[in-house]
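Text of run20.txt, listed as compact mmCIF, C-alpha atoms:
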```
# COMPACT_ATOMS: atom_id res chain seq x y z
CA MET A 29 0.00 0.00 0.00
CA GLU A 30 1.38 3.42 -0.77
CA GLY A 31 1.89 6.15 1.85
CA LYS A 32 -1.15 8.16 0.82
CA GLU A 33 -3.51 5.26 1.39
CA ILE A 34 -1.86 4.31 4.69
CA LEU A 35 -2.26 7.88 5.96
CA ARG A 36 -5.83 7.99 4.72
CA GLN A 37 -6.83 4.82 6.57
CA HIS A 38 -4.99 6.02 9.68
CA ILE A 39 -6.89 9.32 9.77
CA ALA A 40 -10.21 7.68 8.87
CA LYS A 41 -10.07 5.73 12.15
CA THR A 42 -10.55 9.04 13.97
CA ALA A 43 -11.97 11.70 11.64
CA SER A 44 -14.21 11.92 8.58
CA LEU A 45 -12.73 13.75 5.62
CA THR A 46 -14.16 13.92 2.10
CA ASP A 47 -11.87 12.90 -0.78
CA GLU A 48 -11.36 16.56 -1.57
CA GLN A 49 -10.50 17.44 2.03
CA PHE A 50 -8.07 14.54 2.30
CA ASP A 51 -6.38 15.55 -0.98
CA PHE A 52 -5.97 19.08 0.39
CA LEU A 53 -4.48 17.71 3.63
CA PHE A 54 -2.23 15.25 1.82
CA SER A 55 -0.88 17.92 -0.54
CA HIS A 56 1.02 19.35 2.48
CA PHE A 57 2.93 16.13 3.20
CA LYS A 58 6.26 15.45 1.55
CA PRO A 59 7.52 11.85 1.15
CA ARG A 60 11.10 11.08 2.15
CA SER A 61 13.19 7.90 2.20
CA PHE A 62 15.87 7.22 4.78
CA GLN A 63 18.45 4.46 4.98
CA LYS A 64 19.17 2.32 8.00
CA GLY A 65 21.28 4.34 10.44
CA GLN A 66 20.47 7.71 8.84
CA VAL A 67 19.80 10.64 11.17
CA VAL A 68 16.40 12.35 10.82
CA ILE A 69 16.85 14.88 13.66
CA GLY A 70 20.19 15.43 15.43
CA GLU A 71 20.50 16.96 18.89
CA GLY A 72 20.85 20.74 18.46
CA ASP A 73 19.10 20.81 15.05
CA LYS A 74 16.37 23.26 14.13
CA VAL A 75 13.10 21.26 14.10
CA ASP A 76 10.44 22.23 11.56
CA HIS A 77 8.72 18.94 10.79
CA GLU A 78 6.96 15.97 12.25
CA TYR A 79 7.06 12.57 10.56
CA PHE A 80 4.39 9.99 9.82
CA VAL A 81 6.02 6.58 9.40
CA VAL A 82 4.92 4.67 6.28
CA SER A 83 7.41 1.79 6.54
CA GLY A 84 10.42 0.84 8.66
CA CYS A 85 11.26 1.72 12.22
CA LEU A 86 12.80 4.85 13.74
CA LYS A 87 13.94 5.57 17.26
CA ALA A 88 13.80 8.78 19.29
CA PHE A 89 16.55 8.84 21.92
CA PHE A 90 18.95 10.89 23.93
CA ILE A 91 22.45 10.16 25.18
CA SER A 92 23.23 11.08 28.76
CA ASP A 93 26.78 12.17 29.68
CA GLN A 94 27.92 10.90 26.26
CA ILE A 95 27.56 7.34 27.54
CA LYS A 96 24.14 5.94 28.17
CA MET A 97 21.33 5.84 25.62
CA TYR A 98 17.69 6.32 26.65
CA ILE A 99 15.02 5.49 24.09
CA LEU A 100 11.87 7.57 24.27
CA GLN A 101 10.03 5.97 21.38
CA PHE A 102 10.19 3.37 18.68
CA ALA A 103 8.28 4.87 15.75
CA MET A 104 6.72 2.19 13.59
CA PRO A 105 4.30 2.31 10.61
CA THR A 106 1.35 4.69 11.26
CA TRP A 107 3.15 6.29 14.23
CA TRP A 108 4.13 9.94 14.36
CA THR A 109 7.47 11.17 15.58
CA SER A 110 9.45 14.36 16.09
CA ASP A 111 11.10 16.30 18.89
CA TYR A 112 7.73 17.83 19.78
CA GLY A 113 9.24 20.03 22.51
CA ALA A 114 11.49 21.68 19.93
CA LEU A 115 8.79 21.67 17.22
CA TYR A 116 6.09 23.34 19.35
CA ASN A 117 8.36 25.72 21.29
CA HIS A 118 10.61 26.65 18.34
CA THR A 119 13.72 25.58 20.22
CA ARG A 120 16.65 23.38 19.10
CA ALA A 121 16.34 19.60 19.32
CA SER A 122 17.18 18.14 22.73
CA ILE A 123 16.77 14.56 21.49
CA SER A 124 17.79 12.72 18.31
CA ILE A 125 15.85 10.57 15.88
CA ASP A 126 17.44 8.03 13.54
CA CYS A 127 16.48 4.96 11.55
CA ILE A 128 16.76 1.40 12.89
CA THR A 129 15.83 0.08 9.44
CA ASP A 130 15.38 1.65 6.00
CA ALA A 131 12.29 3.81 6.32
CA GLN A 132 9.76 5.80 4.35
CA VAL A 133 8.04 8.73 6.01
CA LEU A 134 5.68 11.57 5.19
CA CYS A 135 6.93 14.95 6.49
CA LEU A 136 4.57 17.67 7.68
CA SER A 137 5.82 21.09 8.71
CA ASN A 138 4.61 22.88 11.83
CA ASP A 139 3.21 25.73 9.71
CA ASP A 140 1.38 23.37 7.37
CA ARG A 141 -0.17 21.39 10.27
CA GLU A 142 -1.52 24.64 11.72
CA LYS A 143 -2.78 25.73 8.31
CA ILE A 144 -4.56 22.40 7.74
CA CYS A 145 -6.11 22.60 11.23
CA ARG A 146 -7.35 26.14 10.59
CA GLU A 147 -8.94 25.21 7.28
CA LEU A 148 -10.40 21.84 8.23
CA HIS A 149 -12.20 21.48 11.54
CA GLN A 150 -12.08 17.67 11.16
CA ALA A 151 -8.29 17.80 10.85
CA GLU A 152 -8.12 19.79 14.08
CA TYR A 153 -10.27 17.04 15.64
CA PHE A 154 -7.91 14.37 14.31
CA PHE A 155 -4.78 16.06 15.65
CA ARG A 156 -6.44 16.69 19.05
CA TRP A 157 -7.22 12.99 19.45
CA ARG A 158 -3.83 11.94 18.14
CA THR A 159 -2.21 14.00 20.92
CA ASN A 160 -4.72 12.81 23.52
CA ARG A 161 -3.61 9.26 22.78
CA GLY A 162 0.06 10.23 22.88
CA TYR A 163 -0.54 11.89 26.24
CA LEU A 164 -2.14 8.74 27.67
CA ALA A 165 0.71 6.52 26.44
CA SER A 166 3.22 8.91 27.97
CA GLN A 167 1.39 8.96 31.34
CA LYS A 168 1.21 5.18 31.38
CA ARG A 169 4.92 4.87 30.75
CA LEU A 170 5.64 7.55 33.38
CA LEU A 171 3.66 5.59 35.97
CA SER A 172 5.60 2.40 35.29
CA PHE A 173 8.90 4.31 35.54
CA MET A 174 7.88 5.99 38.82
CA ASN A 175 6.79 2.63 40.16
CA ASN A 176 9.98 1.05 38.77
CA ASP A 177 7.90 -1.72 37.25
CA ALA A 178 9.96 -3.11 34.35
CA ARG A 179 7.47 -5.93 33.81
CA ALA A 180 4.63 -3.42 33.21
CA ARG A 181 6.80 -1.49 30.75
CA TYR A 182 7.65 -4.71 28.91
CA GLU A 183 4.01 -5.82 28.68
CA GLU A 184 2.92 -2.34 27.50
CA LEU A 185 5.56 -2.30 24.78
CA MET A 186 4.68 -5.80 23.54
CA ALA A 187 0.96 -4.93 23.53
CA LEU A 188 1.71 -1.83 21.44
CA TYR A 189 3.81 -3.74 18.98
CA PRO A 190 3.97 -7.53 19.32
CA GLN A 191 6.52 -8.03 16.51
CA LEU A 192 9.02 -5.61 18.01
CA TYR A 193 11.06 -8.23 19.83
CA ASN A 194 12.10 -9.79 16.52
CA LEU A 195 12.51 -6.53 14.61
CA VAL A 196 14.68 -4.43 16.89
CA PRO A 197 18.11 -5.27 18.38
CA LYS A 198 17.81 -6.39 22.01
CA HIS A 199 20.09 -3.68 23.41
CA LEU A 200 17.69 -1.05 22.03
CA ILE A 201 14.66 -2.71 23.62
CA ALA A 202 16.59 -2.81 26.92
CA ALA A 203 17.36 0.93 26.52
CA TYR A 204 13.65 1.64 25.98
CA LEU A 205 12.67 -0.29 29.10
CA GLY A 206 15.53 1.09 31.19
CA VAL A 207 16.76 -2.40 32.13
CA SER A 208 19.86 -4.55 31.49
CA ARG A 209 20.06 -7.15 28.68
CA GLU A 210 19.86 -9.86 31.34
CA THR A 211 16.64 -8.46 32.81
CA LEU A 212 15.18 -8.19 29.31
CA SER A 213 15.87 -11.90 28.64
CA ARG A 214 14.19 -12.78 31.93
CA LEU A 215 11.10 -10.69 31.07
CA TYR A 216 10.96 -12.24 27.58
CA ASN A 217 11.20 -15.81 28.90
CA ALA A 218 8.59 -15.20 31.61
CA HIS A 219 6.25 -13.67 29.02
CA LYS A 220 6.40 -16.47 26.41
CA MET B 22 -11.67 36.86 40.59
CA GLU B 23 -14.50 34.45 40.00
CA GLY B 24 -14.15 31.14 38.19
CA LYS B 25 -15.74 32.31 34.97
CA GLU B 26 -13.24 35.12 34.51
CA ILE B 27 -10.29 32.89 35.43
CA LEU B 28 -11.36 30.33 32.81
CA ARG B 29 -11.92 33.08 30.28
CA GLN B 30 -8.43 34.53 30.70
CA HIS B 31 -6.93 31.04 30.64
CA ILE B 32 -8.58 30.17 27.31
CA ALA B 33 -7.86 33.61 25.82
CA LYS B 34 -4.11 32.91 26.08
CA THR B 35 -4.59 30.21 23.42
CA ALA B 36 -7.83 30.77 21.48
CA SER B 37 -10.08 33.66 20.42
CA LEU B 38 -13.71 33.32 21.41
CA THR B 39 -16.40 35.97 21.16
CA ASP B 40 -18.40 36.79 24.33
CA GLU B 41 -21.26 34.76 22.96
CA GLN B 42 -19.06 31.76 22.16
CA PHE B 43 -17.44 31.88 25.60
CA ASP B 44 -20.85 32.05 27.29
CA PHE B 45 -21.94 28.99 25.31
CA LEU B 46 -18.77 27.14 26.33
CA PHE B 47 -19.03 28.23 29.96
CA SER B 48 -22.68 27.14 30.24
CA HIS B 49 -21.41 23.51 30.13
CA PHE B 50 -19.16 23.89 33.18
CA LYS B 51 -20.51 23.20 36.66
CA PRO B 52 -18.86 24.80 39.71
CA ARG B 53 -18.07 22.57 42.68
CA SER B 54 -16.42 23.16 46.06
CA PHE B 55 -14.33 20.57 47.85
CA GLN B 56 -12.88 20.53 51.34
CA LYS B 57 -9.30 19.71 52.24
CA GLY B 58 -8.89 15.92 52.14
CA GLN B 59 -12.04 15.31 50.10
CA VAL B 60 -11.85 12.71 47.31
CA VAL B 61 -12.69 13.91 43.79
CA ILE B 62 -12.02 10.61 42.00
CA GLY B 63 -11.40 7.35 43.84
CA GLU B 64 -9.62 4.35 42.31
CA GLY B 65 -12.27 2.16 40.66
CA ASP B 66 -14.77 5.02 40.15
CA LYS B 67 -16.58 5.69 36.91
CA VAL B 68 -14.97 8.83 35.43
CA ASP B 69 -17.19 11.24 33.49
CA HIS B 70 -15.61 14.63 34.13
CA GLU B 71 -12.45 16.62 33.97
CA TYR B 72 -11.77 19.50 36.36
CA PHE B 73 -10.45 23.02 35.84
CA VAL B 74 -8.97 24.26 39.11
CA VAL B 75 -10.15 27.75 40.16
CA SER B 76 -8.56 27.83 43.62
CA GLY B 77 -6.73 25.46 45.94
CA CYS B 78 -4.56 22.49 45.14
CA LEU B 79 -5.43 18.89 44.23
CA LYS B 80 -3.22 15.86 43.77
CA ALA B 81 -3.52 12.95 41.35
CA PHE B 82 -1.85 9.85 42.77
CA PHE B 83 -1.78 6.11 43.02
CA ILE B 84 -0.83 3.78 45.83
CA SER B 85 1.33 0.79 44.96
CA ASP B 86 0.94 -2.45 46.92
CA GLN B 87 -1.17 -0.52 49.46
CA ILE B 88 2.02 1.12 50.77
CA LYS B 89 3.82 3.62 48.64
CA MET B 90 2.22 6.73 47.18
CA TYR B 91 3.24 8.05 43.75
CA ILE B 92 2.08 11.53 42.79
CA LEU B 93 1.40 12.08 39.12
CA GLN B 94 0.32 15.71 39.31
CA PHE B 95 -0.28 18.63 41.62
CA ALA B 96 -3.24 20.48 40.10
CA MET B 97 -3.13 24.18 40.90
CA PRO B 98 -5.23 27.14 39.75
CA THR B 99 -5.74 27.17 35.95
CA TRP B 100 -4.59 23.54 35.68
CA TRP B 101 -6.79 20.71 34.43
CA THR B 102 -7.01 17.34 36.07
CA SER B 103 -8.78 13.99 35.75
CA ASP B 104 -7.94 10.35 35.22
CA TYR B 105 -7.71 10.97 31.48
CA GLY B 106 -7.05 7.29 30.74
CA ALA B 107 -10.39 6.37 32.32
CA LEU B 108 -12.15 9.46 30.93
CA TYR B 109 -11.10 8.94 27.30
CA ASN B 110 -11.29 5.14 27.27
CA HIS B 111 -14.49 4.83 29.35
CA THR B 112 -12.78 2.58 31.87
CA ARG B 113 -12.76 2.74 35.69
CA ALA B 114 -10.30 5.04 37.46
CA SER B 115 -6.84 3.54 37.98
CA ILE B 116 -5.63 6.57 39.94
CA SER B 117 -7.18 8.78 42.63
CA ILE B 118 -7.56 12.54 42.94
CA ASP B 119 -8.11 14.37 46.23
CA CYS B 120 -7.72 17.83 47.69
CA ILE B 121 -4.57 19.01 49.48
CA THR B 122 -6.39 22.25 50.42
CA ASP B 123 -9.98 23.47 50.17
CA ALA B 124 -10.60 23.86 46.45
CA GLN B 125 -13.01 25.26 43.90
CA VAL B 126 -13.20 23.66 40.49
CA LEU B 127 -15.23 23.84 37.30
CA CYS B 128 -16.38 20.40 36.09
CA LEU B 129 -16.74 19.54 32.41
CA SER B 130 -18.14 16.22 31.24
CA ASN B 131 -16.60 14.19 28.44
CA ASP B 132 -19.77 14.51 26.36
CA ASP B 133 -19.97 18.27 26.85
CA ARG B 134 -16.30 18.77 25.90
CA GLU B 135 -16.89 16.87 22.66
CA LYS B 136 -20.09 18.83 22.01
CA ILE B 137 -18.30 22.17 22.57
CA CYS B 138 -15.46 21.06 20.28
CA ARG B 139 -17.91 20.09 17.54
CA GLU B 140 -19.75 23.38 17.70
CA LEU B 141 -16.79 25.73 18.15
CA HIS B 142 -13.71 25.20 15.99
CA GLN B 143 -11.75 27.58 18.27
CA ALA B 144 -12.59 25.43 21.29
CA GLU B 145 -11.23 22.39 19.46
CA TYR B 146 -8.07 24.42 18.81
CA PHE B 147 -7.87 25.34 22.49
CA PHE B 148 -8.22 21.73 23.68
CA ARG B 149 -5.70 20.50 21.10
CA TRP B 150 -3.06 22.91 22.38
CA ARG B 151 -3.91 22.22 26.00
CA THR B 152 -3.16 18.54 25.41
CA ASN B 153 -0.07 19.31 23.34
CA ARG B 154 1.35 21.15 26.36
CA GLY B 155 0.34 18.34 28.72
CA TYR B 156 2.08 15.88 26.41
CA LEU B 157 5.30 17.91 26.45
CA ALA B 158 5.27 18.18 30.27
CA SER B 159 4.71 14.45 30.53
CA GLN B 160 7.59 13.67 28.12
CA LYS B 161 9.91 15.99 30.04
CA ARG B 162 9.10 14.27 33.31
CA LEU B 163 9.47 10.84 31.69
CA LEU B 164 12.96 11.77 30.47
CA SER B 165 14.04 12.86 33.95
CA PHE B 166 12.67 9.62 35.45
CA MET B 167 14.40 7.46 32.80
CA ASN B 168 17.61 9.34 33.40
CA ASN B 169 17.03 9.14 37.16
CA ASP B 170 17.75 12.85 37.46
CA ALA B 171 16.01 14.02 40.65
CA ARG B 172 17.59 17.47 40.36
CA ALA B 173 16.02 18.01 36.92
CA ARG B 174 12.62 16.91 38.26
CA TYR B 175 12.95 19.31 41.19
CA GLU B 176 13.95 22.26 38.98
CA GLU B 177 11.08 21.50 36.55
CA LEU B 178 8.55 21.40 39.38
CA MET B 179 9.75 24.66 40.92
CA ALA B 180 9.76 26.36 37.51
CA LEU B 181 6.16 25.26 36.97
CA TYR B 182 5.04 26.47 40.37
CA PRO B 183 7.56 28.41 42.49
CA GLN B 184 5.31 28.71 45.57
CA LEU B 185 4.70 24.98 45.79
CA TYR B 186 7.43 24.31 48.34
CA ASN B 187 5.59 26.40 50.92
CA LEU B 188 2.09 25.26 49.99
CA VAL B 189 2.34 21.49 49.92
CA PRO B 190 3.53 19.11 52.67
CA LYS B 191 7.11 17.98 52.05
CA HIS B 192 6.31 14.27 51.98
CA LEU B 193 3.98 14.91 49.02
CA ILE B 194 6.64 16.83 47.11
CA ALA B 195 9.03 13.93 47.78
CA ALA B 196 6.38 11.49 46.47
CA TYR B 197 6.05 13.59 43.29
CA LEU B 198 9.80 13.60 42.71
CA GLY B 199 10.24 9.94 43.63
CA VAL B 200 12.91 10.73 46.26
CA SER B 201 13.24 10.50 50.06
CA ARG B 202 12.55 13.43 52.39
CA GLU B 203 16.31 13.73 52.99
CA THR B 204 17.08 14.01 49.27
CA LEU B 205 14.33 16.63 48.93
CA SER B 206 15.93 18.78 51.68
CA ARG B 207 19.28 18.50 49.94
CA LEU B 208 17.76 19.57 46.59
CA TYR B 209 15.95 22.46 48.27
CA ASN B 210 19.07 23.72 50.05
CA ALA B 211 21.21 23.43 46.92
CA HIS B 212 18.59 25.36 44.93
CA LYS B 213 18.16 28.33 47.31
```

This structure in structure tokens:
Amino acid sequence: MEGKEILRQHIAKTASLTDEQFDFLFSHFKPRSFQKGQVVIGEGDKVDHEYFVVSGCLKAFFISDQIKMYILQFAMPTWWTSDYGALYNHTRASISIDCITDAQVLCLSNDDREKICRELHQAEYFFRWRTNRGYLASQKRLLSFMNNDARARYEELMALYPQLYNLVPKHLIAAYLGVSRETLSRLYNAHK
Amino acid sequence: MEGKEILRQHIAKTASLTDEQFDFLFSHFKPRSFQKGQVVIGEGDKVDHEYFVVSGCLKAFFISDQIKMYILQFAMPTWWTSDYGALYNHTRASISIDCITDAQVLCLSNDDREKICRELHQAEYFFRWRTNRGYLASQKRLLSFMNNDARARYEELMALYPQLYNLVPKHLIAAYLGVSRETLSRLYNAHK
């Protein structure tokens, strides 16, 4: 399926747009291809776009004290990713995003998202609910970090994306969960 | 200042509503008063409303293994609070909300928020940006928990609400930061 159709079905789960309205919305997205390992946003970059993933897998991460990697998000098909702090507040990127696999994305600029939302009430509705869901996922993950419950974080991640364990290198999954490789193996074996 | 005017100024920072539009919006809010210690949402409750705080201070929290309290949010004047997971997904509350001080709030039901958003495009814009900001705050706090950086969490909390240290019992601030009382004192003294 091509990117346009994937985006269309994704939005249709939340909001009703006519063909004409969707074509208008879609005309503001620009397709881009990235190779495995390529950087989409580097720490310190100016951030003007958010990205809708059509294929492949990206990761949003930051490196603490130039040593330890923390993974904020794996962005898989139909997920959105960016440094939203930098994008919304017009500041420089404080995290990085790169590609775990080759990836195809659709890019939408901050200005174009706001323009689309102004012109189409249903698009504003879509983006409100997209963020509502992102907020809930973030709160859920926060709770399991506060509570130091690695099992809950593991189960949440596998529920979100069951195939992840086979797609993504284990050290990256461990960095997402905030656990060692050994703990990850234990969680995986207990979960099977 | 009464609740209506406080809500009006709060919304005006983000969205432009005419007097008539604001009156329509406001007609869906119901004022309620709570006393110090009173429960607004109890774990397991049905959740139909979100709350805009006019005065006082509430806390959203959960208790793990019937022992340890984790505080997700202090809700102060002009902040919004609810168990949004339960509210959006129509499930029972998995967290609790009660009042640290006497408090006045404006209650808005899920159905009424959706109705207001359907009828007023500017209200949909307002609620989209409210959640965008909540999402950013949640991500920031998640990063500092992943990174186990209690200092960053302390500085973020004090930047959000400088008077909090004098308003809220110290053991609650420690429960928000996920640190001991002793660590909290050290952070406070280093920050002065």

Within 10 Å of chain B, which residues of chain A come that close, and what is the closest atom pair and distance in Å for each? Count only C-alpha atoms and give it as JSON lines.
```
{"residue": "A:Phe89", "atom": "CA", "partner": "B:Leu164", "partner_atom": "CA", "distance": 9.7}
{"residue": "A:Phe90", "atom": "CA", "partner": "B:Leu164", "partner_atom": "CA", "distance": 8.9}
{"residue": "A:Ile91", "atom": "CA", "partner": "B:Asn168", "partner_atom": "CA", "distance": 9.6}
{"residue": "A:Ser92", "atom": "CA", "partner": "B:Asn168", "partner_atom": "CA", "distance": 7.5}
{"residue": "A:Lys96", "atom": "CA", "partner": "B:Asn168", "partner_atom": "CA", "distance": 9.0}
{"residue": "A:Met97", "atom": "CA", "partner": "B:Asn168", "partner_atom": "CA", "distance": 9.3}
{"residue": "A:Tyr98", "atom": "CA", "partner": "B:Met167", "partner_atom": "CA", "distance": 7.1}
{"residue": "A:Ile99", "atom": "CA", "partner": "B:Met167", "partner_atom": "CA", "distance": 9.0}
{"residue": "A:Leu100", "atom": "CA", "partner": "B:Leu164", "partner_atom": "CA", "distance": 7.6}
{"residue": "A:Asp111", "atom": "CA", "partner": "B:Leu157", "partner_atom": "CA", "distance": 9.7}
{"residue": "A:Tyr112", "atom": "CA", "partner": "B:Leu157", "partner_atom": "CA", "distance": 7.1}
{"residue": "A:Gly113", "atom": "CA", "partner": "B:Leu157", "partner_atom": "CA", "distance": 6.0}
{"residue": "A:Ala114", "atom": "CA", "partner": "B:Leu157", "partner_atom": "CA", "distance": 9.7}
{"residue": "A:Tyr116", "atom": "CA", "partner": "B:Asn153", "partner_atom": "CA", "distance": 8.4}
{"residue": "A:Asn117", "atom": "CA", "partner": "B:Arg154", "partner_atom": "CA", "distance": 9.8}
{"residue": "A:Glu142", "atom": "CA", "partner": "B:Tyr146", "partner_atom": "CA", "distance": 9.7}
{"residue": "A:Cys145", "atom": "CA", "partner": "B:Tyr146", "partner_atom": "CA", "distance": 8.0}
{"residue": "A:Arg146", "atom": "CA", "partner": "B:His142", "partner_atom": "CA", "distance": 8.4}
{"residue": "A:Glu147", "atom": "CA", "partner": "B:His142", "partner_atom": "CA", "distance": 9.9}
{"residue": "A:Leu148", "atom": "CA", "partner": "B:His142", "partner_atom": "CA", "distance": 9.1}
{"residue": "A:His149", "atom": "CA", "partner": "B:His142", "partner_atom": "CA", "distance": 6.0}
{"residue": "A:Gln150", "atom": "CA", "partner": "B:Arg139", "partner_atom": "CA", "distance": 9.0}
{"residue": "A:Glu152", "atom": "CA", "partner": "B:Tyr146", "partner_atom": "CA", "distance": 6.6}
{"residue": "A:Tyr153", "atom": "CA", "partner": "B:Glu145", "partner_atom": "CA", "distance": 6.6}
{"residue": "A:Phe154", "atom": "CA", "partner": "B:Arg149", "partner_atom": "CA", "distance": 9.4}
{"residue": "A:Phe155", "atom": "CA", "partner": "B:Arg149", "partner_atom": "CA", "distance": 7.1}
{"residue": "A:Arg156", "atom": "CA", "partner": "B:Arg149", "partner_atom": "CA", "distance": 4.4}
{"residue": "A:Trp157", "atom": "CA", "partner": "B:Arg149", "partner_atom": "CA", "distance": 7.8}
{"residue": "A:Arg158", "atom": "CA", "partner": "B:Arg149", "partner_atom": "CA", "distance": 9.2}
{"residue": "A:Thr159", "atom": "CA", "partner": "B:Asn153", "partner_atom": "CA", "distance": 6.2}
{"residue": "A:Asn160", "atom": "CA", "partner": "B:Thr152", "partner_atom": "CA", "distance": 6.2}
{"residue": "A:Arg161", "atom": "CA", "partner": "B:Tyr109", "partner_atom": "CA", "distance": 8.8}
{"residue": "A:Gly162", "atom": "CA", "partner": "B:Tyr156", "partner_atom": "CA", "distance": 7.0}
{"residue": "A:Tyr163", "atom": "CA", "partner": "B:Tyr156", "partner_atom": "CA", "distance": 4.8}
{"residue": "A:Leu164", "atom": "CA", "partner": "B:Gly106", "partner_atom": "CA", "distance": 6.0}
{"residue": "A:Ala165", "atom": "CA", "partner": "B:Gly106", "partner_atom": "CA", "distance": 8.9}
{"residue": "A:Ser166", "atom": "CA", "partner": "B:Ser159", "partner_atom": "CA", "distance": 6.3}
{"residue": "A:Gln167", "atom": "CA", "partner": "B:Ser159", "partner_atom": "CA", "distance": 6.5}
{"residue": "A:Lys168", "atom": "CA", "partner": "B:Gly106", "partner_atom": "CA", "distance": 8.5}
{"residue": "A:Arg169", "atom": "CA", "partner": "B:Leu163", "partner_atom": "CA", "distance": 7.6}
{"residue": "A:Leu170", "atom": "CA", "partner": "B:Leu163", "partner_atom": "CA", "distance": 5.3}
{"residue": "A:Leu171", "atom": "CA", "partner": "B:Leu93", "partner_atom": "CA", "distance": 7.6}
{"residue": "A:Ser172", "atom": "CA", "partner": "B:Leu163", "partner_atom": "CA", "distance": 10.0}
{"residue": "A:Phe173", "atom": "CA", "partner": "B:Phe166", "partner_atom": "CA", "distance": 6.5}
{"residue": "A:Met174", "atom": "CA", "partner": "B:Gly199", "partner_atom": "CA", "distance": 6.7}
{"residue": "A:Asn175", "atom": "CA", "partner": "B:Tyr91", "partner_atom": "CA", "distance": 7.4}
{"residue": "A:Asn176", "atom": "CA", "partner": "B:Phe166", "partner_atom": "CA", "distance": 9.6}
{"residue": "A:Ala203", "atom": "CA", "partner": "B:Met167", "partner_atom": "CA", "distance": 9.5}
{"residue": "A:Tyr204", "atom": "CA", "partner": "B:Met167", "partner_atom": "CA", "distance": 9.0}
{"residue": "A:Leu205", "atom": "CA", "partner": "B:Met167", "partner_atom": "CA", "distance": 8.8}
{"residue": "A:Gly206", "atom": "CA", "partner": "B:Met167", "partner_atom": "CA", "distance": 6.7}
```

If the box runs along x, y and z of the file and leaves 5 Å on each side of range 42-60 of chain B, what are its centre and edge lengths in Å, one decimal, as AutoDock Vina command-line options?
```
--center_x -15.8 --center_y 22.4 --center_z 37.2 --size_x 23.8 --size_y 29.3 --size_z 40.1
```

**OP:** Quick one: pull the distance between CA of Ser55 in chain A and CA of Ala43 in chain A, Å, one decimal.
**Re:**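 Pair CA of Ser55 in chain A / CA of Ala43 in chain A returns 17.6 Å.
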
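Residues in contact with range 38-47 of chain B at 9 Å, where all atoms listed in the file are counted and same-chain residues fewer than 6 positions away are skipped, are listed as Lys25, Leu28, Arg29, Ile32, Asp133, Arg134, Ile137, Leu141, Gln143 and Ala144 of chain B.
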
**OP:** Find the residues near range 66-75 of chain B: any atom within 6 Å, counting all atoms listed in the file, skip ones fewer than 5 places away on the same chain, and give them as a count of residues only.
**Re:** 17

**OP:** Could you tell me which of B:Val189, B:Ala173, B:Met22, B:Ala124 comes closest to Leu208 in chain B if we count all atoms listed in the file?
**Re:** B:Ala173

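From CA of Leu212 in chain A back to CA of Pro197 in chain A, the distance works out to 11.7 Å.
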
Original post:
Residues at most 12 Å from Thr129 in chain A, counting only C-alpha atoms, excluding those fewer than 2 positions away in the same chain, as a list of chain:residue names?
Top reply: A:Ser61, A:Phe62, A:Gln63, A:Lys64, A:Gly65, A:Gln66, A:Val67, A:Val81, A:Ser83, A:Gly84, A:Cys85, A:Leu86, A:Lys87, A:Phe102, A:Ala103, A:Met104, A:Pro105, A:Asp126, A:Cys127, A:Ala131, A:Gln132, A:Leu195, A:Val196, A:Pro197

Output of the above residues as a CSV table (one decimal), in the frame of the given file, restricted to C-alpha atoms:
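See out.csv below for the written result:
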```
chain,number,residue,atom,x,y,z
A,61,SER,CA,13.2,7.9,2.2
A,62,PHE,CA,15.9,7.2,4.8
A,63,GLN,CA,18.4,4.5,5.0
A,64,LYS,CA,19.2,2.3,8.0
A,65,GLY,CA,21.3,4.3,10.4
A,66,GLN,CA,20.5,7.7,8.8
A,67,VAL,CA,19.8,10.6,11.2
A,81,VAL,CA,6.0,6.6,9.4
A,83,SER,CA,7.4,1.8,6.5
A,84,GLY,CA,10.4,0.8,8.7
A,85,CYS,CA,11.3,1.7,12.2
A,86,LEU,CA,12.8,4.8,13.7
A,87,LYS,CA,13.9,5.6,17.3
A,102,PHE,CA,10.2,3.4,18.7
A,103,ALA,CA,8.3,4.9,15.8
A,104,MET,CA,6.7,2.2,13.6
A,105,PRO,CA,4.3,2.3,10.6
A,126,ASP,CA,17.4,8.0,13.5
A,127,CYS,CA,16.5,5.0,11.6
A,131,ALA,CA,12.3,3.8,6.3
A,132,GLN,CA,9.8,5.8,4.4
A,195,LEU,CA,12.5,-6.5,14.6
A,196,VAL,CA,14.7,-4.4,16.9
A,197,PRO,CA,18.1,-5.3,18.4
```

**OP:** To one decimal in Å, tell me the separation between CA of Ile34 in chain A and CA of Ala187 in chain A.
**Re:** 21.2 Å

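Counting only C-alpha atoms, the residue from A:His38, A:Asp130, A:Ile95, A:Gln191 that sits nearest to Arg60 in chain A is A:Asp130.
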